[in-house]
$ cat my_file27.csv   # CSV, C-alpha atoms
chain,number,residue,atom,x,y,z
A,21,MET,CA,0.5,0.3,1.2
A,22,PHE,CA,0.0,1.7,-2.3
A,23,CYS,CA,0.6,-0.9,-5.1
A,24,LEU,CA,1.1,0.5,-8.6
A,25,ASP,CA,0.2,-2.7,-10.3
A,26,THR,CA,-3.1,-2.9,-8.4
A,27,TYR,CA,-3.8,0.7,-9.0
A,28,LEU,CA,-3.3,0.4,-12.8
A,29,ARG,CA,-5.6,-2.7,-12.8
A,30,GLU,CA,-8.4,-1.2,-10.7
A,31,SER,CA,-8.4,2.5,-11.4
A,32,GLU,CA,-9.2,4.5,-14.5
A,33,ASP,CA,-7.6,7.6,-13.2
A,34,TYR,CA,-4.3,7.4,-15.2
A,35,GLU,CA,-3.0,8.1,-18.6
A,36,ILE,CA,-0.8,5.9,-20.8
A,37,HIS,CA,1.3,8.1,-23.1
A,38,MET,CA,3.4,5.3,-24.7
A,39,SER,CA,3.3,1.5,-24.4
A,40,ARG,CA,5.3,-1.5,-25.5
A,41,ALA,CA,8.3,0.8,-26.2
A,42,GLY,CA,12.0,0.8,-25.4
A,43,PHE,CA,13.2,2.4,-22.1
A,44,LYS,CA,15.2,5.1,-23.9
A,45,GLU,CA,12.2,6.2,-26.0
A,46,CYS,CA,10.1,6.5,-22.8
A,47,ALA,CA,12.8,8.4,-21.0
A,48,LYS,CA,13.1,10.9,-23.9
A,49,PHE,CA,9.3,11.2,-24.0
A,50,ILE,CA,9.2,12.1,-20.3
A,51,GLU,CA,12.1,14.6,-20.6
A,52,LYS,CA,10.4,16.3,-23.6
A,53,ASN,CA,6.8,16.3,-22.5
A,54,ALA,CA,6.7,16.6,-18.7
A,55,LYS,CA,6.2,20.1,-17.3
A,56,GLU,CA,9.3,19.5,-15.2
A,57,PHE,CA,11.3,16.4,-14.4
A,58,VAL,CA,13.9,15.1,-12.0
A,59,ARG,CA,16.3,12.2,-12.6
A,60,VAL,CA,16.5,9.4,-10.0
A,61,LYS,CA,18.6,6.3,-9.4
A,62,ALA,CA,17.4,2.9,-10.7
A,63,GLY,CA,15.4,1.1,-8.0
A,64,GLU,CA,14.2,4.2,-6.2
A,65,LYS,CA,10.7,3.7,-4.7
A,66,ILE,CA,8.2,6.0,-6.3
A,67,VAL,CA,4.6,5.7,-5.1
A,68,GLY,CA,5.8,2.6,-3.3
A,69,ALA,CA,7.1,0.8,-6.4
A,70,ARG,CA,10.7,0.4,-7.5
A,71,ILE,CA,11.5,2.3,-10.6
A,72,ILE,CA,13.1,0.1,-13.3
A,73,GLY,CA,15.4,1.3,-16.0
A,74,ILE,CA,18.8,2.7,-17.0
A,75,PRO,CA,19.8,5.5,-14.6
A,76,PRO,CA,19.5,8.4,-14.4
A,77,ILE,CA,15.7,7.7,-14.8
A,78,PRO,CA,13.5,10.8,-15.5
A,79,ILE,CA,10.4,11.2,-13.5
A,80,GLY,CA,8.0,13.9,-14.8
A,81,LEU,CA,6.3,16.2,-12.3
A,82,ASP,CA,3.2,18.4,-12.6
A,83,GLU,CA,2.7,20.3,-9.4
A,84,VAL,CA,-0.5,22.1,-10.7
A,85,GLU,CA,-2.3,18.9,-11.7
A,86,CYS,CA,-0.6,16.8,-9.0
A,87,THR,CA,0.5,14.1,-11.3
A,88,ILE,CA,3.8,12.3,-12.1
A,89,MET,CA,4.9,10.7,-15.3
A,90,ILE,CA,7.0,7.5,-14.9
A,91,PRO,CA,8.5,4.7,-17.0
A,92,TYR,CA,6.8,1.5,-16.2
A,93,THR,CA,8.5,-1.8,-17.3
A,94,LYS,CA,7.2,-5.3,-17.5
A,95,PRO,CA,9.5,-8.2,-18.7
A,96,CYS,CA,7.3,-9.3,-21.6
A,97,TYR,CA,5.7,-6.0,-22.5
A,98,GLY,CA,8.6,-3.5,-22.6
A,99,THR,CA,8.3,0.0,-21.1
A,100,ALA,CA,5.3,2.3,-21.0
A,101,VAL,CA,5.0,5.9,-19.9
A,102,VAL,CA,2.2,6.2,-17.3
A,103,GLU,CA,0.9,9.4,-15.7
A,104,ILE,CA,-0.8,9.0,-12.4
A,105,PRO,CA,-2.2,11.3,-9.8
A,106,VAL,CA,-0.3,11.6,-6.5
A,107,GLU,CA,-0.4,13.6,-3.3
A,108,THR,CA,1.6,16.9,-3.2
A,109,GLU,CA,3.8,15.4,-0.5
A,110,GLU,CA,4.9,12.6,-2.9
A,111,ILE,CA,6.0,15.2,-5.5
A,112,GLN,CA,8.0,16.9,-2.9
A,113,ARG,CA,9.5,13.6,-1.7
A,114,ILE,CA,10.4,12.7,-5.3
A,115,LYS,CA,12.3,16.0,-5.6
A,116,THR,CA,14.5,15.0,-2.7
A,117,LEU,CA,15.5,11.8,-4.6
A,118,ALA,CA,16.8,13.9,-7.5
A,119,ILE,CA,20.4,13.2,-8.7
A,120,LYS,CA,22.4,15.4,-11.1
B,25,MET,CA,27.1,-20.2,2.0
B,26,LYS,CA,27.5,-17.9,-1.0
B,27,LYS,CA,24.2,-16.8,-2.5
B,28,ALA,CA,23.5,-16.3,-6.2
B,29,LEU,CA,20.4,-14.8,-7.9
B,30,ILE,CA,19.6,-15.8,-11.4
B,31,LEU,CA,17.3,-13.2,-13.1
B,32,LEU,CA,15.2,-14.4,-16.0
B,33,GLY,CA,13.5,-12.3,-18.7
B,34,CYS,CA,10.5,-13.0,-20.8
B,35,PRO,CA,10.4,-16.7,-21.6
B,36,GLU,CA,9.7,-16.3,-25.3
B,37,SER,CA,13.3,-17.1,-26.2
B,38,PRO,CA,13.8,-20.9,-26.3
B,39,SER,CA,17.4,-20.7,-25.1
B,40,GLN,CA,16.6,-19.2,-21.7
B,41,THR,CA,15.0,-22.1,-19.9
B,42,PRO,CA,17.7,-24.8,-20.6
B,43,MET,CA,20.4,-22.2,-19.9
B,44,ALA,CA,18.8,-21.3,-16.6
B,45,VAL,CA,18.8,-24.9,-15.6
B,46,TYR,CA,22.4,-25.3,-16.7
B,47,VAL,CA,23.6,-22.1,-14.9
B,48,THR,CA,21.9,-23.3,-11.8
B,49,TYR,CA,23.6,-26.7,-12.1
B,50,LYS,CA,27.0,-25.0,-12.6
B,51,LEU,CA,26.7,-22.5,-9.7
B,52,LYS,CA,25.4,-25.2,-7.3
B,53,ASN,CA,28.5,-27.3,-8.1
B,54,MET,CA,30.6,-24.3,-7.3
B,55,GLY,CA,29.0,-24.0,-3.9
B,56,TYR,CA,26.4,-21.3,-4.4
B,57,ASP,CA,22.9,-21.3,-2.9
B,58,VAL,CA,20.9,-20.4,-6.0
B,59,THR,CA,17.6,-18.5,-6.2
B,60,ILE,CA,15.8,-17.9,-9.5
B,61,ALA,CA,13.7,-14.8,-10.0
B,62,SER,CA,11.3,-14.8,-12.9
B,63,THR,CA,7.8,-14.1,-14.2
B,64,PRO,CA,5.2,-16.8,-13.5
B,65,SER,CA,5.3,-18.0,-17.1
B,66,ALA,CA,9.1,-18.4,-17.1
B,67,MET,CA,8.7,-20.3,-13.8
B,68,LYS,CA,6.2,-22.7,-15.3
B,69,LEU,CA,8.7,-23.7,-18.0
B,70,LEU,CA,11.3,-24.3,-15.4
B,71,GLU,CA,8.9,-26.4,-13.2
B,72,VAL,CA,8.1,-28.7,-16.2
B,73,SER,CA,11.8,-28.9,-17.1
B,74,ASP,CA,12.9,-30.0,-13.6
B,75,PRO,CA,9.8,-31.9,-12.2
B,76,GLU,CA,11.6,-33.3,-9.1
B,77,GLN,CA,13.2,-29.9,-8.4
B,78,PHE,CA,16.6,-31.6,-8.7
B,79,TYR,CA,18.2,-28.3,-9.8
B,80,ILE,CA,15.7,-25.5,-9.2
B,81,THR,CA,15.0,-25.5,-5.5
B,82,GLN,CA,14.5,-21.8,-4.7
B,83,LYS,CA,12.4,-19.6,-6.8
B,84,THR,CA,10.7,-16.2,-6.4
B,85,ASP,CA,8.5,-13.9,-8.4
B,86,ILE,CA,10.5,-11.2,-10.1
B,87,GLU,CA,8.3,-8.3,-9.0
B,88,SER,CA,8.2,-9.3,-5.3
B,89,CYS,CA,11.9,-10.1,-5.4
B,90,LEU,CA,12.6,-6.6,-6.7
B,91,GLU,CA,10.4,-4.8,-4.2
B,92,ASN,CA,12.1,-6.6,-1.3
B,93,LEU,CA,15.7,-6.5,-2.6
B,94,ASP,CA,18.5,-5.0,-0.5
B,95,GLN,CA,22.1,-4.3,-1.2
B,96,GLY,CA,24.3,-7.3,-0.5
B,97,ALA,CA,21.4,-9.8,-0.4
B,98,TYR,CA,23.2,-11.9,-3.0
B,99,ASP,CA,26.9,-12.4,-3.7
B,100,LEU,CA,26.5,-12.9,-7.4
B,101,LEU,CA,23.9,-11.8,-9.9
B,102,VAL,CA,23.4,-13.6,-13.2
B,103,GLY,CA,20.9,-12.1,-15.6
B,104,PHE,CA,19.4,-13.2,-18.9
B,105,VAL,CA,19.2,-10.3,-21.3
B,106,HIS,CA,17.4,-10.7,-24.6
B,107,ARG,CA,14.9,-7.9,-24.7
B,108,ASP,CA,14.9,-4.1,-24.0
B,109,ALA,CA,13.0,-4.7,-20.8
B,110,ALA,CA,15.5,-7.3,-19.6
B,111,VAL,CA,18.3,-4.6,-20.0
B,112,SER,CA,16.3,-2.4,-17.7
B,113,TYR,CA,15.6,-5.1,-15.1
B,114,PHE,CA,19.3,-6.3,-15.1
B,115,VAL,CA,20.7,-2.7,-14.7
B,116,THR,CA,18.2,-2.1,-11.9
B,117,PHE,CA,19.0,-5.3,-10.0
B,118,TYR,CA,22.7,-4.5,-10.6
B,119,TYR,CA,22.4,-1.1,-8.9
B,120,ILE,CA,20.4,-2.3,-6.0
B,121,LEU,CA,22.5,-5.3,-5.2
B,122,ASN,CA,25.9,-3.6,-5.9
B,123,THR,CA,27.6,-7.0,-6.3
B,124,SER,CA,29.5,-9.2,-8.8
B,125,SER,CA,27.3,-9.6,-11.9
B,126,ILE,CA,27.2,-11.5,-15.1
B,127,ALA,CA,24.9,-10.6,-18.0
B,128,ILE,CA,24.1,-13.4,-20.5
B,129,VAL,CA,23.1,-11.3,-23.5
B,130,PHE,CA,21.6,-13.1,-26.5
B,131,GLU,CA,19.4,-12.2,-29.5
B,132,ARG,CA,19.1,-13.5,-33.1
B,133,ASP,CA,19.2,-10.0,-34.6
B,134,ALA,CA,22.8,-8.8,-34.7
B,135,GLU,CA,21.9,-5.1,-34.3
B,136,GLU,CA,19.7,-5.7,-31.3
B,137,LEU,CA,22.3,-7.8,-29.7
B,138,GLU,CA,24.9,-5.1,-30.1
B,139,ARG,CA,22.5,-2.5,-28.7
B,140,PHE,CA,21.8,-4.7,-25.6
B,141,ILE,CA,25.6,-5.3,-25.1
B,142,ASN,CA,26.3,-1.6,-25.4
B,143,ASP,CA,23.6,-0.7,-22.9
B,144,ILE,CA,25.0,-3.2,-20.3
B,145,GLU,CA,28.6,-2.2,-21.0
B,146,ASN,CA,28.0,1.5,-20.8
B,147,ASN,CA,25.9,1.3,-17.6
B,148,THR,CA,27.4,-1.4,-15.5
B,149,ASN,CA,30.7,-3.2,-14.7
B,150,ALA,CA,29.1,-6.6,-15.2
B,151,THR,CA,30.9,-9.4,-17.1
B,152,ILE,CA,29.1,-9.9,-20.4
B,153,ILE,CA,28.6,-13.2,-22.1
B,154,SER,CA,27.0,-12.7,-25.5
B,155,ALA,CA,26.0,-14.7,-28.5
B,156,ARG,CA,23.7,-14.6,-31.5
B,157,ALA,CA,21.3,-17.2,-30.1
B,158,TYR,CA,17.6,-18.1,-30.2
B,159,HIS,CA,16.8,-21.8,-30.4
B,160,ASN,CA,20.3,-23.2,-29.8
B,161,PRO,CA,21.7,-22.6,-26.3
B,162,THR,CA,25.1,-24.2,-27.1
B,163,PRO,CA,27.0,-21.0,-28.0
B,164,LEU,CA,25.9,-19.5,-24.7
B,165,ARG,CA,26.7,-22.6,-22.7
B,166,VAL,CA,30.2,-22.8,-24.2
B,167,LYS,CA,30.9,-19.1,-23.5
B,168,PHE,CA,29.4,-19.3,-20.0
B,169,ASP,CA,31.7,-22.3,-19.2
B,170,LYS,CA,34.8,-20.4,-20.5
B,171,THR,CA,33.9,-17.2,-18.7
B,172,ILE,CA,33.2,-19.0,-15.4
B,173,LYS,CA,36.4,-20.9,-15.6
B,174,THR,CA,38.4,-17.8,-16.3
B,175,MET,CA,36.7,-15.9,-13.4
B,176,GLU,CA,37.3,-18.8,-11.0
B,177,GLU,CA,41.0,-19.0,-12.0
B,178,SER,CA,41.5,-15.3,-11.6
B,179,HIS,CA,39.6,-15.3,-8.3
B,180,VAL,CA,37.1,-12.7,-9.5
B,181,LEU,CA,34.1,-14.7,-8.4
B,182,PRO,CA,32.9,-14.2,-4.8
$ encode --input "my_file27.csv" --output "structure tokens"
Amino acid sequence: MFCLDTYLRESEDYEIHMSRAGFKECAKFIEKNAKEFVRVKAGEKIVGARIIGIPPIPIGLDEVECTIMIPYTKPCYGTAVVEIPVETEEIQRIKTLAIK
Amino acid sequence: MKKALILLGCPESPSQTPMAVYVTYKLKNMGYDVTIASTPSAMKLLEVSDPEQFYITQKTDIESCLENLDQGAYDLLVGFVHRDAAVSYFVTFYYILNTSSIAIVFERDAEELERFINDIENNTNATIISARAYHNPTPLRVKFDKTIKTMEESHVLP
């Protein structure tokens, strides 16, 4: 099963757009900079990990590059915006989680 | 037996550890089976504070707790909120569990405290206990006791 923590530790194929920030700043960054985005409930599983934050939580989608942009929160480090590559199927699955 | 989950934040604030032990003591006396979810560093502080595990008997890592959490797994959520990340964690646990919840919100900076209170108030129906606190846990303890007593008397607690 995919583990986001392990992926970020062991892979170099990701981009951190913001770090040690507040959740709201990160949410605004995703809404402003992602090619498109959907909003999901708190606790939804995205690439196998529960998304943490104040709902509705924006998830950035790039269907051309096959990447997603997500807020990533740790208790002592605040929230970061991380962009990671995913399978096309995961982008389609995330779209089905969208709330208004 | 009723089950309560106590959610701890980053352990940098000195008030968190003694309040976590105190809240566990109070809830156990009220008949709750108490589990504490925290980071490994916050757990180390608890383990040293309660060496014979007199109060803290069930503990879990916050990340694995979150990954395996289901709606209704606990009857009561008590979360410590003293950082922006702790607001996010509390709100997320609140939505997944969908149960009675108490947020213990504290900060030494008044503006930050107000921001955390507003975020919890605007996004949950949790009962909020708040105080400007950092080193001294007494304001939080006093307010926690009063709130718990009121909730018990009005049969709001599960």
$ residues_around --input "my_file27.csv" --residues "stretch 102-116 of chain B" --least-positions-apart "6" --cutoff "6 Å" --atoms "only C-alpha atoms" --output "PyMOL selection string"
(chain A and resi 42+62-63+72-74+95+98) or (chain B and resi 30-33+125-131)
$ closest_atom_pairs --input "my_file27.csv" --of "chain A" --to "chain B" --cutoff "10 Å" --atoms "all atoms listed in the file" --output "tab-separated table"
residue	atom	partner	partner_atom	distance
A:Asp25	CA	B:Glu87	CA	9.9
A:Arg40	CA	B:Ala109	CA	9.6
A:Ala41	CA	B:Asp108	CA	8.5
A:Gly42	CA	B:Asp108	CA	5.9
A:Phe43	CA	B:Asp108	CA	7.0
A:Lys44	CA	B:Asp108	CA	9.2
A:Lys61	CA	B:Tyr119	CA	8.3
A:Ala62	CA	B:Thr116	CA	5.2
A:Gly63	CA	B:Thr116	CA	5.8
A:Glu64	CA	B:Ile120	CA	9.0
A:Lys65	CA	B:Glu91	CA	8.5
A:Gly68	CA	B:Glu91	CA	8.8
A:Ala69	CA	B:Glu91	CA	6.9
A:Arg70	CA	B:Glu91	CA	6.2
A:Ile71	CA	B:Thr116	CA	8.1
A:Ile72	CA	B:Thr116	CA	5.7
A:Gly73	CA	B:Ser112	CA	4.2
A:Ile74	CA	B:Ser112	CA	5.7
A:Pro75	CA	B:Asn147	CA	8.0
A:Tyr92	CA	B:Ala109	CA	9.9
A:Thr93	CA	B:Ala109	CA	6.4
A:Lys94	CA	B:Ala109	CA	6.7
A:Pro95	CA	B:Cys34	CA	5.3
A:Cys96	CA	B:Cys34	CA	5.0
A:Tyr97	CA	B:Ala109	CA	7.6
A:Gly98	CA	B:Ala109	CA	4.9
A:Thr99	CA	B:Ala109	CA	6.7
$ residues_near_point --input "my_file27.csv" --point "(11.6, 16.0, -5.7)" --cutoff "12 Å" --atoms "all atoms listed in the file" --output "ChimeraX atom specification"
/A:56-60,66,78-83,88,108-119
$ atom_distance --input "my_file27.csv" --atom1 "atom CA of A:Lys120" --atom2 "atom CA of A:Glu51"
14.0 Å
$ closest_residue --input "my_file27.csv" --among "B:Pro182, B:Ile80, B:Gln95, B:Ile152" --to "B:Met25" --atoms "only C-alpha atoms"
B:Pro182
$ residues_around --input "my_file27.csv" --residues "B:Asp74" --least-positions-apart "6" --cutoff "10 Å" --atoms "only C-alpha atoms" --output "PyMOL selection string"
chain B and resi 42+45+80-81
$ residues_around --input "my_file27.csv" --residues "A:Phe49" --least-positions-apart "6" --cutoff "9 Å" --atoms "all atoms listed in the file" --output "VMD selection string"
chain A and resid 37 to 38 101
$ write_last_selection --input "my_file27.csv" --atoms "C-alpha atoms" --output "PDB file, in the frame of the given file"
ATOM      1  CA  HIS A  37       1.300   8.100 -23.100  1.00  0.00           C
ATOM      2  CA  MET A  38       3.400   5.300 -24.700  1.00  0.00           C
ATOM      3  CA  VAL A 101       5.000   5.900 -19.900  1.00  0.00           C
TER       4      VAL A 101
END
$ atom_distance --input "my_file27.csv" --atom1 "atom CA of B:Cys89" --atom2 "atom CA of A:Glu30"
22.8 Å
$ build_atoms --input "my_file27.csv" --residues "stretch 59-83 of chain A" --atoms "N, CA and C atoms" --output "compact mmCIF listing (two decimals), in the coordinates of the input"
# COMPACT_ATOMS: atom_id res chain seq x y z
N ARG A 59 15.72 13.51 -12.25
CA ARG A 59 16.30 12.20 -12.60
C ARG A 59 16.64 11.49 -11.28
N VAL A 60 16.32 10.19 -11.23
CA VAL A 60 16.50 9.40 -10.00
C VAL A 60 17.36 8.16 -10.33
N LYS A 61 17.85 7.51 -9.27
CA LYS A 61 18.60 6.30 -9.40
C LYS A 61 17.67 5.11 -9.78
N ALA A 62 18.21 4.07 -10.40
CA ALA A 62 17.40 2.90 -10.70
C ALA A 62 17.09 2.21 -9.33
N GLY A 63 15.85 1.76 -9.21
CA GLY A 63 15.40 1.10 -8.00
C GLY A 63 14.85 1.96 -6.92
N GLU A 64 14.85 3.30 -7.15
CA GLU A 64 14.20 4.20 -6.20
C GLU A 64 12.73 3.86 -6.05
N LYS A 65 12.18 4.00 -4.85
CA LYS A 65 10.70 3.70 -4.70
C LYS A 65 9.95 5.01 -4.97
N ILE A 66 9.08 4.93 -5.98
CA ILE A 66 8.20 6.00 -6.30
C ILE A 66 6.78 5.49 -6.18
N VAL A 67 5.95 6.21 -5.46
CA VAL A 67 4.60 5.70 -5.10
C VAL A 67 4.66 4.24 -4.63
N GLY A 68 5.69 3.92 -3.88
CA GLY A 68 5.80 2.60 -3.30
C GLY A 68 6.34 1.50 -4.18
N ALA A 69 6.58 1.81 -5.46
CA ALA A 69 7.10 0.80 -6.40
C ALA A 69 8.50 1.16 -6.85
N ARG A 70 9.35 0.15 -6.99
CA ARG A 70 10.70 0.40 -7.50
C ARG A 70 10.69 0.83 -8.94
N ILE A 71 11.41 1.88 -9.26
CA ILE A 71 11.50 2.30 -10.60
C ILE A 71 12.58 1.52 -11.37
N ILE A 72 12.19 0.98 -12.53
CA ILE A 72 13.10 0.10 -13.30
C ILE A 72 13.59 0.85 -14.52
N GLY A 73 14.90 0.73 -14.78
CA GLY A 73 15.40 1.30 -16.00
C GLY A 73 16.91 1.62 -15.89
N ILE A 74 17.41 2.32 -16.91
CA ILE A 74 18.80 2.70 -17.00
C ILE A 74 18.99 4.07 -16.37
N PRO A 75 19.73 4.19 -15.27
CA PRO A 75 19.80 5.50 -14.60
C PRO A 75 20.74 6.46 -15.44
N PRO A 76 20.51 7.78 -15.26
CA PRO A 76 19.50 8.40 -14.40
C PRO A 76 18.11 8.33 -15.09
N ILE A 77 17.10 7.98 -14.29
CA ILE A 77 15.70 7.70 -14.80
C ILE A 77 14.89 9.00 -14.60
N PRO A 78 14.35 9.59 -15.69
CA PRO A 78 13.50 10.80 -15.50
C PRO A 78 12.13 10.48 -14.96
N ILE A 79 11.73 11.31 -14.01
CA ILE A 79 10.40 11.20 -13.50
C ILE A 79 9.71 12.59 -13.73
N GLY A 80 8.62 12.60 -14.49
CA GLY A 80 8.00 13.90 -14.80
C GLY A 80 7.08 14.31 -13.63
N LEU A 81 7.08 15.63 -13.41
CA LEU A 81 6.30 16.20 -12.30
C LEU A 81 5.38 17.30 -12.79
N ASP A 82 4.15 17.29 -12.31
CA ASP A 82 3.20 18.40 -12.60
C ASP A 82 2.59 18.79 -11.28
N GLU A 83 3.11 19.87 -10.73
CA GLU A 83 2.70 20.30 -9.40
C GLU A 83 1.26 20.92 -9.42
